[in-house]
Structures are given as structure tokens and as C-alpha cells.
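**Student:** One file: protein05.txt (compact mmCIF, C-alpha atoms).
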```txt
# COMPACT_ATOMS: atom_id res chain seq x y z
CA MET J 1 157.67 -19.29 52.31
CA ARG J 2 158.04 -16.09 54.28
CA PRO J 3 161.37 -14.20 54.39
CA ILE J 4 162.96 -13.08 57.65
CA LYS J 5 164.28 -9.54 57.87
CA ILE J 6 167.90 -9.04 58.84
CA ASP J 7 167.37 -6.61 61.71
CA LYS J 8 170.07 -5.41 64.08
CA ASP J 9 169.47 -8.29 66.49
CA LEU J 10 169.85 -10.96 63.79
CA ASN J 11 172.84 -9.21 62.25
CA ASP J 12 174.55 -9.00 65.64
CA PHE J 13 173.82 -12.68 66.22
CA ALA J 14 175.33 -13.59 62.84
CA ILE J 15 178.50 -11.66 63.71
CA GLN J 16 178.74 -13.28 67.13
CA PHE J 17 178.01 -16.73 65.67
CA SER J 18 180.81 -16.22 63.14
CA ASN J 19 183.27 -14.91 65.73
CA ASP J 20 182.58 -17.87 68.03
CA LEU J 21 182.57 -20.50 65.27
CA PHE J 22 184.86 -23.44 66.16
CA ALA J 23 185.98 -21.72 69.37
CA ASP J 24 184.94 -24.69 71.52
CA ARG J 25 186.38 -27.49 69.39
CA PRO J 26 188.89 -30.07 70.78
CA ILE J 27 192.52 -29.11 71.26
CA ASN J 28 193.59 -31.12 68.18
CA PHE J 29 191.06 -29.33 65.94
CA VAL J 30 192.81 -27.66 62.99
CA ALA J 31 191.35 -24.20 62.44
CA PRO J 32 190.35 -22.86 59.00
CA SER J 33 193.06 -20.20 59.14
CA ILE J 34 195.76 -22.90 59.29
CA LEU J 35 194.17 -25.06 56.59
CA LEU J 36 193.78 -22.06 54.28
CA ALA J 37 197.42 -21.14 54.83
CA ASN J 38 198.41 -24.70 53.94
CA LEU J 39 196.38 -24.50 50.75
CA LEU J 40 198.01 -21.19 49.88
CA ALA J 41 201.47 -22.72 50.30
CA LYS J 42 200.47 -25.70 48.13
CA TYR J 43 199.21 -23.63 45.20
CA SER J 44 202.09 -21.16 45.50
CA ALA J 45 204.49 -24.06 45.13
CA LEU J 46 202.55 -25.24 42.07
CA GLY J 47 202.81 -21.77 40.55
CA LEU J 48 199.03 -21.49 40.02
CA MET J 49 198.81 -17.76 40.61
CA ASN J 50 195.06 -17.37 39.92
CA HIS J 51 194.38 -19.90 42.66
CA VAL J 52 196.85 -18.11 44.92
CA ARG J 53 195.09 -14.76 44.41
CA VAL J 54 191.70 -16.32 45.22
CA LEU J 55 193.06 -17.92 48.39
CA LYS J 56 194.63 -14.66 49.50
CA LEU J 57 191.27 -12.92 49.09
CA ILE J 58 189.52 -15.64 51.12
CA ILE J 59 192.15 -15.45 53.87
CA PHE J 60 192.00 -11.65 53.94
CA SER J 61 188.21 -11.50 54.21
CA TYR J 62 187.67 -14.60 56.38
CA ASN J 63 187.94 -12.81 59.73
CA LYS J 64 186.54 -9.53 58.47
CA SER J 65 183.19 -10.00 56.75
CA LEU J 66 183.09 -13.17 54.65
CA LEU J 67 181.34 -15.19 57.34
CA TYR J 68 178.52 -12.71 58.00
CA CYS J 69 178.16 -10.56 54.87
CA ASN J 70 174.55 -10.04 53.79
CA PRO J 71 172.94 -11.70 50.73
CA GLU J 72 173.39 -8.62 48.54
CA ILE J 73 177.18 -8.64 49.08
CA GLN J 74 177.22 -12.39 48.49
CA GLN J 75 175.41 -11.84 45.19
CA LYS J 76 178.14 -9.39 44.11
CA LEU J 77 180.80 -11.97 44.98
CA VAL J 78 178.90 -14.58 43.00
CA ASN J 79 178.54 -12.28 39.99
CA TYR J 80 182.26 -11.55 40.08
CA THR J 81 183.04 -15.26 40.32
CA ASP J 82 180.78 -16.03 37.37
CA SER J 83 182.41 -13.41 35.17
CA LYS J 84 186.07 -13.67 36.26
CA LEU J 85 186.75 -16.96 38.04
CA GLY J 86 184.67 -19.57 36.24
CA SER J 87 187.69 -21.54 35.04
CA ILE J 88 188.93 -21.89 38.62
CA PHE J 89 185.71 -23.11 40.23
CA PHE J 90 183.47 -24.50 37.48
CA ASN J 91 185.40 -26.12 34.66
CA GLY J 92 186.79 -29.61 34.91
CA LYS J 93 188.07 -31.99 37.55
CA SER J 94 190.79 -29.65 38.82
CA ALA J 95 188.18 -26.94 39.50
CA THR J 96 186.05 -29.41 41.44
CA THR J 97 189.09 -30.47 43.46
CA PHE J 98 189.94 -26.85 44.29
CA SER J 99 186.38 -26.15 45.44
CA GLU J 100 186.34 -29.26 47.61
CA GLU J 101 189.68 -28.28 49.17
CA ILE J 102 188.31 -24.84 50.12
CA ILE J 103 185.14 -26.36 51.63
CA LYS J 104 187.27 -28.75 53.66
CA ALA J 105 189.62 -25.97 54.77
CA LEU J 106 186.72 -23.78 55.90
CA ARG J 107 185.52 -26.73 58.03
CA TYR J 108 181.95 -26.81 56.77
CA ASP J 109 181.75 -30.41 58.00
CA SER J 110 182.22 -29.29 61.60
CA LEU J 111 179.77 -26.39 61.29
CA GLN J 112 177.10 -28.69 59.90
CA LYS J 113 177.60 -31.28 62.62
CA HIS J 114 178.05 -29.11 65.70
CA TYR J 115 176.65 -25.63 65.06
CA ALA J 116 173.73 -25.87 62.62
CA TYR J 117 171.14 -26.10 65.39
CA LYS J 118 172.03 -22.60 66.62
CA ILE J 119 170.85 -21.10 63.35
CA ALA J 120 167.35 -22.57 63.57
CA ASP J 121 167.11 -21.93 67.32
CA LYS J 122 167.77 -18.24 66.81
CA LEU J 123 165.08 -18.00 64.13
CA GLU J 124 162.59 -20.08 66.16
CA LEU J 125 162.33 -22.10 62.99
CA LYS J 126 160.52 -25.43 63.10
CA THR J 127 159.53 -25.90 59.48
CA CYS J 128 161.23 -25.82 56.11
CA PRO J 129 161.04 -22.23 54.80
CA TYR J 130 160.90 -23.42 51.18
CA CYS J 131 157.81 -25.65 51.42
CA ASN J 132 156.37 -25.02 54.93
CA ALA J 133 155.32 -28.66 54.87
CA MET J 134 158.16 -30.52 56.61
CA LEU J 135 159.71 -30.22 60.05
CA ALA J 136 163.12 -28.60 60.46
CA ILE J 137 163.74 -28.93 64.17
CA THR J 138 166.42 -29.22 66.83
CA ILE J 139 166.32 -32.06 69.35
CA ARG J 140 168.26 -32.89 72.47
CA LYS J 141 170.29 -36.09 72.47
CA GLY J 142 171.77 -36.49 75.89
CA LYS J 143 173.46 -33.22 76.78
CA LYS J 144 173.89 -32.16 73.17
CA LYS J 145 171.58 -30.55 70.67
CA LYS J 146 171.25 -32.06 67.21
CA ALA J 147 169.86 -30.51 64.05
CA ARG J 148 167.15 -32.55 62.36
CA PHE J 149 167.30 -30.62 59.12
CA GLN J 150 169.74 -29.96 56.33
CA LEU J 151 171.54 -26.71 55.55
CA ASP J 152 170.92 -25.48 52.05
CA HIS J 153 173.48 -23.16 50.54
CA PHE J 154 171.47 -20.59 48.62
CA PHE J 155 174.56 -19.94 46.51
CA PRO J 156 175.74 -23.56 46.01
CA LYS J 157 178.94 -24.44 47.83
CA SER J 158 180.14 -26.54 44.88
CA LYS J 159 180.26 -23.38 42.74
CA TYR J 160 181.04 -20.79 45.41
CA PRO J 161 182.96 -22.69 48.10
CA PHE J 162 184.16 -19.48 49.79
CA LEU J 163 180.54 -18.96 50.98
CA CYS J 164 180.13 -22.46 52.42
CA THR J 165 180.24 -21.25 56.05
CA SER J 166 178.79 -17.76 55.53
CA TYR J 167 175.90 -17.37 57.95
CA PHE J 168 173.38 -15.77 55.59
CA ASN J 169 174.07 -18.35 52.90
CA LEU J 170 172.93 -21.18 55.19
CA ILE J 171 169.19 -21.97 55.03
CA PRO J 172 167.81 -24.64 57.42
CA CYS J 173 165.43 -26.74 55.35
CA CYS J 174 164.05 -30.23 54.78
CA GLY J 175 166.01 -32.81 52.83
CA ASN J 176 163.51 -32.94 49.96
CA CYS J 177 163.80 -29.23 49.23
CA ASN J 178 167.58 -29.24 49.61
CA GLN J 179 167.95 -32.13 47.18
CA GLY J 180 165.37 -30.68 44.80
CA LYS J 181 167.23 -27.39 44.58
CA SER J 182 170.59 -29.16 44.20
CA ASN J 183 173.33 -26.86 42.87
CA ASN J 184 171.16 -24.97 40.38
CA SER J 185 172.14 -21.37 39.72
CA VAL J 186 170.06 -18.85 41.64
CA SER J 187 169.80 -15.09 42.10
CA LEU J 188 168.18 -12.73 44.58
CA GLY J 189 164.71 -11.53 43.63
CA VAL J 190 164.23 -14.44 41.24
CA ASP J 191 164.55 -17.25 43.80
CA PHE J 192 163.30 -17.45 47.37
CA HIS J 193 165.98 -16.38 49.85
CA LEU J 194 165.08 -16.56 53.52
CA TYR J 195 167.03 -13.41 54.42
CA SER J 196 166.81 -11.19 51.33
CA ASP J 197 164.82 -7.95 51.10
CA LYS J 198 164.30 -8.83 47.44
CA THR J 199 162.18 -11.85 48.39
CA PRO J 200 158.49 -10.82 48.33
CA LEU J 201 157.06 -10.78 51.85
CA ASN J 202 153.85 -12.65 51.03
CA ALA J 203 154.04 -13.93 47.48
CA PHE J 204 152.34 -17.30 47.88
CA LYS J 205 148.66 -18.07 48.17
CA PHE J 206 146.77 -21.36 48.39
CA LYS J 207 143.27 -21.35 46.90
CA LEU J 208 140.47 -23.80 46.36
CA GLU J 209 138.86 -24.38 42.99
CA ASP J 210 135.05 -24.18 42.93
CA ILE J 211 135.00 -22.54 46.33
CA ASP J 212 131.25 -21.93 46.34
CA VAL J 213 130.60 -25.61 45.69
CA VAL J 214 132.99 -26.63 48.45
CA LYS J 215 131.43 -24.27 51.02
CA LYS J 216 127.87 -25.36 50.26
CA THR J 217 128.45 -29.12 50.11
CA ILE J 218 127.68 -30.93 53.35
CA GLY J 219 130.02 -33.85 53.92
CA ILE J 220 132.26 -33.04 50.94
CA LYS J 221 134.87 -35.70 50.20
CA GLU J 222 138.50 -35.01 49.44
CA ASP J 223 138.31 -36.45 45.91
CA LYS J 224 136.11 -33.45 45.00
CA ILE J 225 138.64 -30.92 46.31
CA ARG J 226 141.11 -29.11 44.05
CA ILE J 227 143.94 -27.00 45.48
CA ASN J 228 145.98 -24.40 43.60
CA ILE J 229 149.22 -22.71 44.57
CA THR J 230 149.09 -19.20 43.15
CA HIS J 231 150.31 -15.64 43.80
CA ASN J 232 148.97 -12.76 45.85
CA THR J 233 149.81 -10.07 43.30
CA ILE J 234 150.55 -10.17 39.57
CA ALA J 235 154.06 -8.86 40.33
CA ASP J 236 154.76 -12.13 42.17
CA GLU J 237 153.47 -14.46 39.45
CA ALA J 238 156.82 -15.42 37.88
CA PHE J 239 158.45 -15.72 41.31
CA VAL J 240 155.79 -18.15 42.55
CA GLU J 241 155.75 -20.17 39.33
CA LYS J 242 159.51 -20.71 39.52
CA HIS J 243 159.41 -21.64 43.20
CA ASN J 244 156.57 -24.07 42.54
CA LYS J 245 158.55 -25.69 39.73
CA ASP J 246 161.83 -25.87 41.68
CA TYR J 247 160.33 -27.34 44.87
CA ALA J 248 157.22 -29.17 43.55
CA ILE J 249 154.97 -27.20 45.90
CA GLN J 250 151.78 -28.11 44.05
CA SER J 251 152.56 -31.82 44.27
CA ILE J 252 153.29 -31.58 47.99
CA TYR J 253 149.99 -29.90 48.81
CA ASP J 254 147.90 -32.09 46.52
CA THR J 255 148.50 -34.73 49.20
CA GLN J 256 146.83 -32.58 51.87
CA LYS J 257 143.21 -32.66 50.70
CA ASP J 258 142.11 -34.44 53.87
CA ILE J 259 143.06 -31.31 55.83
CA VAL J 260 140.83 -29.22 53.57
CA GLU J 261 138.07 -31.75 54.11
CA GLU J 262 138.34 -31.32 57.89
CA LEU J 263 138.39 -27.53 57.59
CA VAL J 264 135.18 -27.66 55.57
CA TRP J 265 133.56 -29.74 58.30
CA LYS J 266 134.67 -27.25 60.94
CA THR J 267 133.36 -24.33 58.90
CA GLN J 268 129.98 -25.99 58.68
CA TRP J 269 129.84 -26.74 62.41
CA TYR J 270 131.47 -23.83 64.23
CA ASN J 271 129.17 -20.88 63.68
CA SER J 272 129.51 -17.57 65.55
CA TYR J 273 127.35 -18.81 68.42
CA LYS J 274 129.51 -21.87 69.06
CA ILE J 275 132.69 -19.79 68.90
CA GLU J 276 131.24 -17.33 71.43
CA GLU J 277 130.31 -20.27 73.67
CA ILE J 278 133.91 -21.53 73.56
CA GLU J 279 135.21 -18.07 74.42
CA ASN J 280 132.94 -17.80 77.45
CA MET J 281 133.76 -21.31 78.63
CA LEU J 282 137.55 -21.36 78.19
CA LYS J 283 138.26 -17.65 78.80
CA ILE J 284 140.77 -17.50 75.99
CA THR J 285 141.32 -14.80 73.40
CA PRO J 286 139.70 -14.83 69.95
CA THR J 287 143.14 -15.46 68.39
CA GLU J 288 143.66 -18.48 70.67
CA ILE J 289 140.20 -19.77 69.76
CA LYS J 290 141.04 -19.49 66.06
CA ARG J 291 144.32 -21.31 66.63
CA MET J 292 142.53 -24.09 68.52
CA LEU J 293 139.87 -24.53 65.85
CA LEU J 294 142.31 -24.30 62.95
CA GLY J 295 144.78 -26.63 64.65
CA ASN J 296 147.61 -24.31 63.63
CA TYR J 297 148.96 -20.79 64.00
CA VAL J 298 146.70 -18.11 62.55
CA GLU J 299 149.25 -15.25 62.31
CA TYR J 300 151.22 -15.09 59.06
CA GLU J 301 154.39 -14.08 60.92
CA ASN J 302 154.26 -17.43 62.79
CA ILE J 303 154.12 -19.78 59.80
CA HIS J 304 157.69 -20.99 60.49
CA LYS J 305 156.54 -22.46 63.81
CA ARG J 306 154.42 -25.35 62.51
CA PRO J 307 154.15 -27.28 59.24
CA LEU J 308 151.31 -26.46 56.82
CA SER J 309 150.42 -23.25 58.66
CA LYS J 310 150.45 -21.01 55.56
CA PHE J 311 148.33 -23.52 53.67
CA MET J 312 145.80 -23.85 56.48
CA GLN J 313 145.57 -20.09 57.01
CA ASP J 314 144.84 -19.47 53.33
CA ILE J 315 142.28 -22.26 53.02
CA ALA J 316 140.53 -21.13 56.22
CA ALA J 317 140.31 -17.61 54.78
CA ASP J 318 138.98 -19.01 51.51
CA LEU J 319 136.25 -20.80 53.47
CA ASP J 320 135.43 -17.66 55.52
CA PHE J 321 136.17 -19.75 58.60
CA PHE J 322 136.93 -16.78 60.80
```
Re-express the file's structure as C-alpha cells.

**Tutor:**
Amino acid sequence: MRPIKIDKDLNDFAIQFSNDLFADRPINFVAPSILLANLLAKYSALGLMNHVRVLKLIIFSYNKSLLYCNPEIQQKLVNYTDSKLGSIFFNGKSATTFSEEIIKALRYDSLQKHYAYKIADKLELKTCPYCNAMLAITIRKGKKKKARFQLDHFFPKSKYPFLCTSYFNLIPCCGNCNQGKSNNSVSLGVDFHLYSDKTPLNAFKFKLEDIDVVKKTIGIKEDKIRINITHNTIADEAFVEKHNKDYAIQSIYDTQKDIVEELVWKTQWYNSYKIEEIENMLKITPTEIKRMLLGNYVEYENIHKRPLSKFMQDIAADLDFF
């Protein structure tokens, strides 16, 4: 729910990740360059020159920028595909077959299985960026690391297979959000993209209905609590409404009323004197005290580190907890 800026460090990592991709595979591993060349020979023999031209473009750009081009360049490639190449990728069984052949040639299967964890590790990502409710973590299994999340292709690989292994088109997320998004058409600035400057920095806001009633009610029960997902500024209204519809954000957080209930209890118990007492006793910083009492990270920039952090931060602010 919070975008990540492509700074020099992340851009350099994306380039290095792309350059090293498949470098440590077994000796019998067939590289994308060979598989793409085989595809080119196949479609040349069939005399399908539009397919041949597309494959030549993929081969030409594969080791140059295709694997690490930024979302804005990807959007231009998508727009061009929509206007000029729809019959090749979108229409009919033969188009589906061609797309699947490109995905297989680019070895997305191997990237997903063996390299996905590196993406989340670099971002220090532990939660789904679409919903901030589910874990998206990397675990160790023996000597190997395994991704416990799915990779969403912002620009769907079924429609734009040439972007199936492009670093900035791969979004680590939970299975529910990935399946909910499916292969729907998307565009920068309209849909949430983890890496795009066109994604609003802080568009989403969780609020309580009848906040004065909630704050004044001792022992309030969760059946009296109403949660809304809304926007921080009017400019973000349409963006948030679409995201809420696409990923069922409201429905997800309607199940979390017990957390609000606990936050209300804490608000009613931990006054300024008790918080000062904790500070004197534990010798920890005010930010650490807030994190301990909230049971989650209190800095917006850290919401990717633990599920429900954005939600809990907003509700705590609504309750004047800190």
C-alpha cells in the first residue's frame, strides 16, 4: 500500500540481478538466448514474419534493457503492443500459444522457483504490498531459501510475455491479491504499482465510523465497530476506490475489528503517566514504546515489515493513542 522509490541502489540491484539471472543453474540448463533463437528459427520456417519481427526485438533487447527497464518504459511497450501487436498476443489460440512459448523460452519458471526470494529480501518486504494484511516472506529450507509468496506481473505475462522476467514487473504479493488481480488490464497512475512514481505515496487511510462514540465507550465490543477504507486527499479518491474494488480491501479489514477493540482498550488504559513510567523503567525510546504498545511498527515507511501495520497506525491515530 506504499510504493518504493527506484533509487540508484535499487536500480543497480535490478541490473545486477538481471545480469546474474540463471548464471548458477546446472550445466544442462538451456539458457533463454538459445530457446529464443530456437523460437525464431521455428517461426521463420513457418513464414510468420510478424512473429519473427517480435522475436528479433525481444532477442535484441534481452541483454540490453528488457530485464531491468523501469515501469514507465514498460508502459510504453505495453501501449505499443496494445495498438500494434494485439493479433499476435491476444486473439485466439495461436496467440495464446505464442505467448506461452515466449514465457517458457524466457525461463520464468526457473526465476520463480529459484530467484524470487532475492527480490523480497532486497526490499526487506515481509507483507503483501497490495493489501498489507498477508505475509510475503522468505524462509530457509535446509541450505536453500524459498519464497513464501507469489510474483504478480503488474503487466500480465499472458498479454505481455516479453515482460515476464523483467525485474520491475515482478511484485511479491500474497496469493489472494495475485489471483484477485488476475490478468486484468492495468496502467500506471490508475493502478497501484510498487515501483512507480505515479503511484501516490500515501493514498490509503483507514478510519473508524462514530469515532467519538468509540473513544468514550468503556469496554466497547467489536460488533459496534465500523471500519472504512478511504483516501487521504480528494485527488486519490478514484485511485483508492479502484484498488479497494480490485483487491477487496474493505472486506479484508472488516475481519479485523478485534484489533480495533484491543486498541480502544489500550487507549483507555495507557495514559501519559503510564507511558512515562514505561519509559523510565525500560529505558527505551518513545518510538520503541509506541511500537510496543501498538504491537506493530509506527513509522509509515516500515509498513512493509509487518502485516496490518498501516491499518493499526491509522486506527491508533484516529483514537489519539499517541

**Student:** When you look at Glu288 of chain J with a cut-off of 12 Å (counting only C-alpha atoms), what residues show up, excluding the ones that are within fewer than 2 positions of it in the same chain? I need them as a PDB file with C-alpha atoms, in the coordinates of the input.

**Tutor:**
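Printed below is result05.pdb as written:
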```
ATOM      1  CA  ILE J 275     132.690 -19.790  68.900  1.00  0.00           C
ATOM      2  CA  ILE J 278     133.910 -21.530  73.560  1.00  0.00           C
ATOM      3  CA  GLU J 279     135.210 -18.070  74.420  1.00  0.00           C
ATOM      4  CA  LEU J 282     137.550 -21.360  78.190  1.00  0.00           C
ATOM      5  CA  LYS J 283     138.260 -17.650  78.800  1.00  0.00           C
ATOM      6  CA  ILE J 284     140.770 -17.500  75.990  1.00  0.00           C
ATOM      7  CA  THR J 285     141.320 -14.800  73.400  1.00  0.00           C
ATOM      8  CA  PRO J 286     139.700 -14.830  69.950  1.00  0.00           C
ATOM      9  CA  LYS J 290     141.040 -19.490  66.060  1.00  0.00           C
ATOM     10  CA  ARG J 291     144.320 -21.310  66.630  1.00  0.00           C
ATOM     11  CA  MET J 292     142.530 -24.090  68.520  1.00  0.00           C
ATOM     12  CA  LEU J 293     139.870 -24.530  65.850  1.00  0.00           C
ATOM     13  CA  LEU J 294     142.310 -24.300  62.950  1.00  0.00           C
ATOM     14  CA  GLY J 295     144.780 -26.630  64.650  1.00  0.00           C
ATOM     15  CA  ASN J 296     147.610 -24.310  63.630  1.00  0.00           C
ATOM     16  CA  TYR J 297     148.960 -20.790  64.000  1.00  0.00           C
ATOM     17  CA  VAL J 298     146.700 -18.110  62.550  1.00  0.00           C
ATOM     18  CA  GLU J 299     149.250 -15.250  62.310  1.00  0.00           C
TER      19      GLU J 299
END
```

**Student:** Counting all atoms listed in the file, which residues of segment 106-223 of chain J sit at most 12 Å from some atom of segment 25-36 of chain J, and what is each one's closest atom pair with its distance in Å to one decimal, listed by chain and rising residue number, as JSON lines?

**Tutor:**
```
{"residue": "J:Leu106", "atom": "CA", "partner": "J:Pro32", "partner_atom": "CA", "distance": 4.9}
{"residue": "J:Arg107", "atom": "CA", "partner": "J:Pro32", "partner_atom": "CA", "distance": 6.3}
{"residue": "J:Tyr108", "atom": "CA", "partner": "J:Pro32", "partner_atom": "CA", "distance": 9.5}
{"residue": "J:Asp109", "atom": "CA", "partner": "J:Pro32", "partner_atom": "CA", "distance": 11.5}
{"residue": "J:Ser110", "atom": "CA", "partner": "J:Arg25", "partner_atom": "CA", "distance": 9.0}
{"residue": "J:Leu111", "atom": "CA", "partner": "J:Arg25", "partner_atom": "CA", "distance": 10.5}
{"residue": "J:Lys113", "atom": "CA", "partner": "J:Arg25", "partner_atom": "CA", "distance": 11.7}
{"residue": "J:His114", "atom": "CA", "partner": "J:Arg25", "partner_atom": "CA", "distance": 9.3}
{"residue": "J:Tyr115", "atom": "CA", "partner": "J:Arg25", "partner_atom": "CA", "distance": 10.8}
{"residue": "J:Phe162", "atom": "CA", "partner": "J:Leu36", "partner_atom": "CA", "distance": 10.9}
{"residue": "J:Thr165", "atom": "CA", "partner": "J:Pro32", "partner_atom": "CA", "distance": 10.7}
```

**Student:** Can you pull out every residue within 8 Å of Asn19 of chain J, counting only C-alpha atoms, but drop anything in the same chain fewer than 3 positions away, and send it as a list in words?

**Tutor:** Ile15, Gln16 and Asn63 of chain J

**Student:** Do a neighbour search on Thr230 of chain J at 7 Å with all atoms listed in the file, toss out local chain neighbours closer than 3 positions, and write the hits as a count of residues only.

**Tutor:** 4

**Student:** When you look at Val52 of chain J with a cut-off of 10 Å (counting only C-alpha atoms), what residues show up, excluding the ones that are within fewer than 6 positions of it in the same chain? I need them as a PDB file with C-alpha atoms, keeping the file's coordinate frame.

**Tutor:**
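Contents of result_34.pdb, freshly written:
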```pdb
ATOM      1  CA  LEU J  39     196.380 -24.500  50.750  1.00  0.00           C
ATOM      2  CA  LEU J  40     198.010 -21.190  49.880  1.00  0.00           C
ATOM      3  CA  ALA J  41     201.470 -22.720  50.300  1.00  0.00           C
ATOM      4  CA  LYS J  42     200.470 -25.700  48.130  1.00  0.00           C
ATOM      5  CA  TYR J  43     199.210 -23.630  45.200  1.00  0.00           C
ATOM      6  CA  SER J  44     202.090 -21.160  45.500  1.00  0.00           C
ATOM      7  CA  ALA J  45     204.490 -24.060  45.130  1.00  0.00           C
ATOM      8  CA  LEU J  46     202.550 -25.240  42.070  1.00  0.00           C
ATOM      9  CA  ILE J  58     189.520 -15.640  51.120  1.00  0.00           C
TER      10      ILE J  58
END
```

**Student:** In terms of the shortest atom-to-atom distance over only C-alpha atoms, which of J:Phe168, J:Tyr253, J:Phe192, J:Phe90 is closest to Ser309 of chain J?

**Tutor:** J:Tyr253

**Student:** With distances taken over all atoms listed in the file, which of J:Lys104, J:Arg306, J:Lys76, J:Lys242 is nearest to Cys164 of chain J?

**Tutor:**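 So, comparing all the options, the nearest one is J:Lys104.
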
**Student:** Go through J:Ile139, J:Ile315, J:Leu10, J:Ile252 and flag the residue nearest Val214 of chain J, using all atoms listed in the file for the distances.

**Tutor:** J:Ile315

**Student:** Pick out the closest residue to Glu100 of chain J from this set: J:Ile211, J:Gly86, J:Pro161, J:Leu170. Count all atoms listed in the file.

**Tutor:**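 Of the candidates, the smallest distance to Glu100 of chain J is held by J:Pro161.
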
**Student:** Using all atoms listed in the file for the distances, tell me which of J:Thr97, J:His304, J:Gly47, J:Leu77 is nearest to Ser61 of chain J.

**Tutor:**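 Of the candidates, the smallest distance to Ser61 of chain J is held by J:Leu77.
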
**Student:** Nearest to Cys174 of chain J: which of J:Thr199, J:Lys126, J:Val264, J:Ser187 is it, counting only C-alpha atoms?

**Tutor:**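 Answer, going by the shortest atom-to-atom distance: J:Lys126.
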
**Student:** Please report the interatomic distance between atom CA of Ala14 of chain J and atom CA of Gln75 of chain J in Å with one decimal.

**Tutor:**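 Separation of atom CA of Ala14 of chain J and atom CA of Gln75 of chain J: 17.7 Å.
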
**Student:** Would you fill the gaps in segment 297-309 of chain J so it has N, CA and C atoms, then print it as a PDB file, in the coordinates of the input?

**Tutor:**
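The resulting file, result-v2.pdb, is reproduced below:
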```
ATOM      1  N   TYR J 297     148.826 -22.224  63.749  1.00  0.00           N
ATOM      2  CA  TYR J 297     148.960 -20.790  64.000  1.00  0.00           C
ATOM      3  C   TYR J 297     148.155 -19.996  62.976  1.00  0.00           C
ATOM      4  N   VAL J 298     147.556 -18.908  63.430  1.00  0.00           N
ATOM      5  CA  VAL J 298     146.700 -18.110  62.550  1.00  0.00           C
ATOM      6  C   VAL J 298     147.372 -16.813  62.098  1.00  0.00           C
ATOM      7  N   GLU J 299     148.541 -16.465  62.692  1.00  0.00           N
ATOM      8  CA  GLU J 299     149.250 -15.250  62.310  1.00  0.00           C
ATOM      9  C   GLU J 299     150.282 -15.605  61.236  1.00  0.00           C
ATOM     10  N   TYR J 300     150.299 -14.824  60.166  1.00  0.00           N
ATOM     11  CA  TYR J 300     151.220 -15.090  59.060  1.00  0.00           C
ATOM     12  C   TYR J 300     152.670 -15.072  59.534  1.00  0.00           C
ATOM     13  N   GLU J 301     153.007 -14.181  60.461  1.00  0.00           N
ATOM     14  CA  GLU J 301     154.390 -14.080  60.920  1.00  0.00           C
ATOM     15  C   GLU J 301     154.840 -15.328  61.692  1.00  0.00           C
ATOM     16  N   ASN J 302     153.908 -16.223  62.030  1.00  0.00           N
ATOM     17  CA  ASN J 302     154.260 -17.430  62.790  1.00  0.00           C
ATOM     18  C   ASN J 302     154.262 -18.700  61.937  1.00  0.00           C
ATOM     19  N   ILE J 303     154.243 -18.562  60.620  1.00  0.00           N
ATOM     20  CA  ILE J 303     154.120 -19.780  59.800  1.00  0.00           C
ATOM     21  C   ILE J 303     155.340 -20.689  59.908  1.00  0.00           C
ATOM     22  N   HIS J 304     156.497 -20.149  60.353  1.00  0.00           N
ATOM     23  CA  HIS J 304     157.690 -20.990  60.490  1.00  0.00           C
ATOM     24  C   HIS J 304     157.622 -21.899  61.725  1.00  0.00           C
ATOM     25  N   LYS J 305     156.593 -21.722  62.550  1.00  0.00           N
ATOM     26  CA  LYS J 305     156.540 -22.460  63.810  1.00  0.00           C
ATOM     27  C   LYS J 305     155.859 -23.829  63.701  1.00  0.00           C
ATOM     28  N   ARG J 306     155.112 -24.064  62.623  1.00  0.00           N
ATOM     29  CA  ARG J 306     154.420 -25.350  62.510  1.00  0.00           C
ATOM     30  C   ARG J 306     154.171 -25.668  61.039  1.00  0.00           C
ATOM     31  N   PRO J 307     154.380 -26.926  60.635  1.00  0.00           N
ATOM     32  CA  PRO J 307     154.150 -27.280  59.240  1.00  0.00           C
ATOM     33  C   PRO J 307     152.719 -27.015  58.782  1.00  0.00           C
ATOM     34  N   LEU J 308     152.580 -26.653  57.514  1.00  0.00           N
ATOM     35  CA  LEU J 308     151.310 -26.460  56.820  1.00  0.00           C
ATOM     36  C   LEU J 308     150.538 -25.229  57.285  1.00  0.00           C
ATOM     37  N   SER J 309     151.161 -24.380  58.103  1.00  0.00           N
ATOM     38  CA  SER J 309     150.420 -23.250  58.660  1.00  0.00           C
ATOM     39  C   SER J 309     149.973 -22.257  57.592  1.00  0.00           C
TER      40      SER J 309
END
```
